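Asks: Can you keep this structure in mind? I'll have questions shortly.
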Amino acid sequence: MSLQLFKNCRLASTDFKTIVPKSAMVVNGGVIQWVGPQAKVPKNLKFKKVTDLKSKLVFPSFIECHTHTLFAGSRADEFELRNNGVSYTEIAAKGGGIISTMKHTRGASEKTLLQLTQKRVDSFVKQGVSTLEIKTGYALDAKNEIKCLKVINKLKGPRIISTFLGAHARPPEFSDNAAYLEFLAENLLPEIKKKKLAQRVDIFIENKFFEKEESQKYLQKAKDLGFDLTIHANQLSLSAGAGLALDHDAHSADHVINLDDGLINKFSKSKTVAVLLPLADLYMKCAYPPARKLIDSGATVALATDFNPGSCPSQDLATVGLLARLEMKMTLPEVFTAYTLGAAKALRIDSEEGSIEAGKAANFICTDAELSDFFYSAGFTPEHQLFIRGKEVFVG
Ligand code: NIG
Ligand code: FE
């Protein structure tokens, strides 16, 4: 066992509302064994390594719980079209959007995808991300979706959580949504389960994309096979996704811009986390989700980038938090909580990470900056050190 002591830090409280000076942490094999005042570090422990954090601020590292980081090609041209009034749905109907990324992703080798994706992963790590969710969903056929899952499982650096999003859009080989979902459920889900390539299944539920009945059947099949669920829900309209997420005890319902009071009330009584993606909302020029109402009702919220080549071609956590403050009336402690413990809850890994508590991984950020310097300047993360399981992480 490698026992480490991190001493002399200013520790953010679990609700990020206060800073506790002269704190210390005992870490055993990458896991926090004890945390508390420096003066009360348990006696008679033999430390292999003692790190003096020199009164720096320490808080849990960030968890990015919703990304589409694996893709090939660019959709920069579409951005200009959308900006000139062509809608996301119109672009998709003309074979652009997700289907255009699909063509590039199917055509890319495992090696190319790994190189492209690893660079993007590194850029998340540079911003203090220790756990990163990555979805498939840009291959949409059996061979290439498996290829993408294999690539995701080869990435290095942070803890990677892979999610199967075969149900992102219907590929051109199929003329019917229900038939495509049945194909995924019969052919891909069992193989993914058997090879342990992903534990989570996601689906994009929206009018004109995957609709209620067919989605419900697919979710039930995934659940029966033992997958955890997460849903792209209520992004473009008050559609069926959020209700289905709540009914199926999905880990999260993501986007959730269009919610009525009944749904908000249901979130407050469930473990399903509302994952809010305001940077995508900025790019999509749509309304922001009702964060204040969700939080005030007692629901758990998380924040994430939704990084993807279409609706959010940016990996910038700082701007996500900034928008949450500027446009969604979230307080700074709420933003930090949403990007740490809230995100851990969205991935249902909150017993393992998301806060600095005994029994959880020693994943933390250490900095000379103050909490108020974060989520303040667009595109800017203050200088910091990132520790994952007690080890400092460097990205070249
Ligand atoms: O989360 N809504 C569906 N999926 C993505 C967009 C994917 C794309 O446009 O490539 C999202 O916004
Ligand atoms: Fe998404």
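Every chain in the structure tokens has a letter given in the order shown (A, B, ...), and although residue numbers restart at 1 in each chain, ligands are simply numbered from 1 in the order shown.
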Could you go through stretch 226-395 of chain A and tell me which residues DSSP, when run on the backbone, assigns to strand (DSSP E or B), listing them as a ChimeraX atom specification?
Replies: /A:228-233,252-255,273-276,301-303,361,364-367,385-388,391-393
Asks: Let's have the selection written as a short mmCIF file (atom, residue, chain, number, x, y, z; two decimals), in the first residue's frame, with N, CA and C atoms.
Replies:
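Saved to out29.cif:
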data_model
loop_
_atom_site.label_atom_id
_atom_site.label_comp_id
_atom_site.auth_asym_id
_atom_site.auth_seq_id
_atom_site.Cartn_x
_atom_site.Cartn_y
_atom_site.Cartn_z
N ASP A 228 -27.25 0.55 -18.24
CA ASP A 228 -27.74 1.77 -17.61
C ASP A 228 -28.18 2.71 -18.72
N LEU A 229 -29.13 3.57 -18.40
CA LEU A 229 -29.71 4.42 -19.45
C LEU A 229 -29.43 5.90 -19.22
N THR A 230 -29.30 6.61 -20.34
CA THR A 230 -29.23 8.06 -20.32
C THR A 230 -29.92 8.51 -21.60
N ILE A 231 -30.55 9.67 -21.59
CA ILE A 231 -31.37 10.05 -22.76
C ILE A 231 -31.13 11.50 -23.16
N HIS A 232 -30.97 11.73 -24.48
CA HIS A 232 -31.01 13.09 -25.03
C HIS A 232 -32.49 13.48 -25.06
N ALA A 233 -32.89 14.37 -24.20
CA ALA A 233 -34.33 14.57 -23.97
C ALA A 233 -34.74 16.03 -24.02
N SER A 252 -29.52 9.80 -16.30
CA SER A 252 -29.68 11.23 -16.56
C SER A 252 -30.60 11.47 -17.75
N ALA A 253 -31.17 12.67 -17.77
CA ALA A 253 -31.89 13.18 -18.94
C ALA A 253 -31.15 14.45 -19.33
N ASP A 254 -30.69 14.51 -20.56
CA ASP A 254 -29.74 15.56 -20.93
C ASP A 254 -30.34 16.55 -21.94
N HIS A 255 -29.96 17.78 -21.82
CA HIS A 255 -30.48 18.95 -22.55
C HIS A 255 -31.64 19.56 -21.76
N VAL A 273 -30.64 12.56 -13.01
CA VAL A 273 -30.02 13.90 -12.99
C VAL A 273 -30.36 14.65 -14.27
N ALA A 274 -30.66 15.94 -14.13
CA ALA A 274 -30.89 16.79 -15.30
C ALA A 274 -29.54 17.35 -15.73
N VAL A 275 -29.04 16.89 -16.88
CA VAL A 275 -27.73 17.36 -17.36
C VAL A 275 -27.96 18.55 -18.30
N LEU A 276 -27.39 19.68 -17.93
CA LEU A 276 -27.63 20.93 -18.65
C LEU A 276 -26.43 21.27 -19.52
N VAL A 301 -28.74 18.69 -10.63
CA VAL A 301 -28.34 19.08 -11.98
C VAL A 301 -26.84 18.89 -12.15
N ALA A 302 -26.45 18.63 -13.39
CA ALA A 302 -25.04 18.56 -13.77
C ALA A 302 -24.85 19.48 -14.96
N LEU A 303 -23.60 19.89 -15.18
CA LEU A 303 -23.27 20.69 -16.36
C LEU A 303 -22.27 19.91 -17.21
N ALA A 361 -12.00 8.43 -4.82
CA ALA A 361 -10.70 8.61 -5.49
C ALA A 361 -10.12 9.98 -5.16
N PHE A 364 -8.28 15.59 -7.65
CA PHE A 364 -8.48 16.97 -7.22
C PHE A 364 -7.64 17.96 -8.00
N ILE A 365 -8.06 19.22 -7.89
CA ILE A 365 -7.36 20.33 -8.53
C ILE A 365 -6.71 21.13 -7.42
N CYS A 366 -5.48 21.60 -7.68
CA CYS A 366 -4.73 22.37 -6.70
C CYS A 366 -4.27 23.64 -7.41
N THR A 367 -4.54 24.81 -6.83
CA THR A 367 -4.27 26.05 -7.57
C THR A 367 -3.96 27.24 -6.65
N GLN A 385 -2.81 22.47 -10.93
CA GLN A 385 -2.29 21.10 -11.06
C GLN A 385 -3.47 20.17 -10.94
N LEU A 386 -3.47 19.09 -11.72
CA LEU A 386 -4.55 18.09 -11.63
C LEU A 386 -3.98 16.79 -11.07
N PHE A 387 -4.62 16.26 -10.05
CA PHE A 387 -4.24 14.98 -9.48
C PHE A 387 -5.33 13.96 -9.75
N ILE A 388 -4.97 12.83 -10.34
CA ILE A 388 -5.93 11.74 -10.54
C ILE A 388 -5.44 10.55 -9.72
N LYS A 391 -2.08 11.03 -8.14
CA LYS A 391 -0.89 11.25 -8.98
C LYS A 391 -1.08 12.51 -9.82
N GLU A 392 -0.06 13.35 -9.86
CA GLU A 392 -0.18 14.54 -10.68
C GLU A 392 -0.13 14.16 -12.16
N VAL A 393 -1.02 14.77 -12.93
CA VAL A 393 -1.14 14.44 -14.34
C VAL A 393 -0.57 15.58 -15.18
#
Asks: Skip A:Leu277 itself and residues of its chain fewer than 2 positions away, then list as number ranges by chain all residues within 12 Å of it, counting only C-alpha atoms.
Replies: A: 64-67, 232-233, 235, 253-257, 274-275, 279-284, 286-291, 301-308, 311-312, 314-317, 319-324, 327-328, 338-339, 343
Asks: Skipping near chain neighbours, those fewer than 6 positions away, what residues fall within 9 Å of A:Phe209 using only C-alpha atoms, listed as a count of residues only?
Replies: 4
Asks: My list of candidates is A:Ile99, A:Leu45, A:Leu116, A:Leu188. Which is closest to A:Val151 when distances are computed with only C-alpha atoms?
Replies: A:Leu116
Asks: Using only C-alpha atoms and all ligand atoms, can you tell me which of A:His68, A:Lys271, A:Lys56, A:Lys126 comes closest to ligand 2?
Replies: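 Of all the options, A:His68 lies closest to ligand 2.
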Asks: At a cut-off of 12 Å, using only C-alpha atoms, what residues contact A:Gln115? Leave out same-chain residues fewer than 6 positions from it and give the result as a PyMOL selection string.
Replies: chain A and resi 69-72+108-109+121-122+151-152+154-156
Asks: Quick one: of A:Leu149, A:Ala92, A:Leu189, A:Leu53, who's nearest to A:Lys208, counting only C-alpha atoms?
Replies: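 Selected residue with least distance to A:Lys208: A:Ala92.
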Asks: Quick one: residues within 8 Å of A:Arg75, only C-alpha atoms, excluding same-chain residues fewer than 5 positions away - as JSON, numbers by chain?
Replies: {"A": [97, 100, 101, 309, 310]}
Asks: Go ahead and save the picked residues with all heavy atoms, as a compact mmCIF listing (two decimals), in the first residue's frame.
Replies:
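That gives us out-v4.txt:
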# COMPACT_ATOMS: atom_id res chain seq x y z
N GLY A 97 -25.73 17.31 -41.02
CA GLY A 97 -25.82 17.03 -39.58
C GLY A 97 -25.12 15.73 -39.22
O GLY A 97 -24.03 15.42 -39.71
N SER A 100 -23.74 13.50 -41.93
CA SER A 100 -22.50 13.93 -42.59
C SER A 100 -21.28 13.51 -41.75
O SER A 100 -20.28 13.01 -42.28
CB SER A 100 -22.57 15.44 -42.87
OG SER A 100 -21.48 16.11 -42.33
N THR A 101 -21.36 13.66 -40.44
CA THR A 101 -20.26 13.18 -39.58
C THR A 101 -20.14 11.66 -39.66
O THR A 101 -19.03 11.11 -39.59
CB THR A 101 -20.48 13.63 -38.12
OG1 THR A 101 -20.61 15.05 -38.10
CG2 THR A 101 -19.34 13.23 -37.21
N PRO A 309 -19.36 17.83 -33.21
CA PRO A 309 -19.03 18.69 -34.36
C PRO A 309 -20.21 19.52 -34.86
O PRO A 309 -20.01 20.40 -35.72
CB PRO A 309 -18.62 17.67 -35.43
CG PRO A 309 -19.30 16.41 -35.04
CD PRO A 309 -19.39 16.41 -33.56
N GLY A 310 -21.42 19.29 -34.35
CA GLY A 310 -22.57 20.01 -34.86
C GLY A 310 -23.08 21.07 -33.91
O GLY A 310 -22.81 22.27 -34.07
Asks: For ligand 1, which of A:Ser377, A:Asn83, A:Asn8, A:Ser74 is the closest residue, counting only C-alpha atoms and all ligand atoms?
Replies: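 So, comparing all the options, the nearest one is A:Ser74.
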Asks: Measuring atom to atom with only C-alpha atoms, identify which of A:Leu181, A:Ala222, A:Leu246, A:Val41 is nearest to A:Lys269.
Replies: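 Ranking A:Leu181, A:Ala222, A:Leu246, A:Val41 by distance to A:Lys269, first place goes to A:Leu246.
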Asks: Identify which of the residues A:Ile98, A:Leu294, A:Leu165, A:Leu244 lies closest to ligand 1, counting only C-alpha atoms and all ligand atoms when measuring atom-to-atom distances.
Replies: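 Smallest separation from ligand 1 among the options: A:Ile98.
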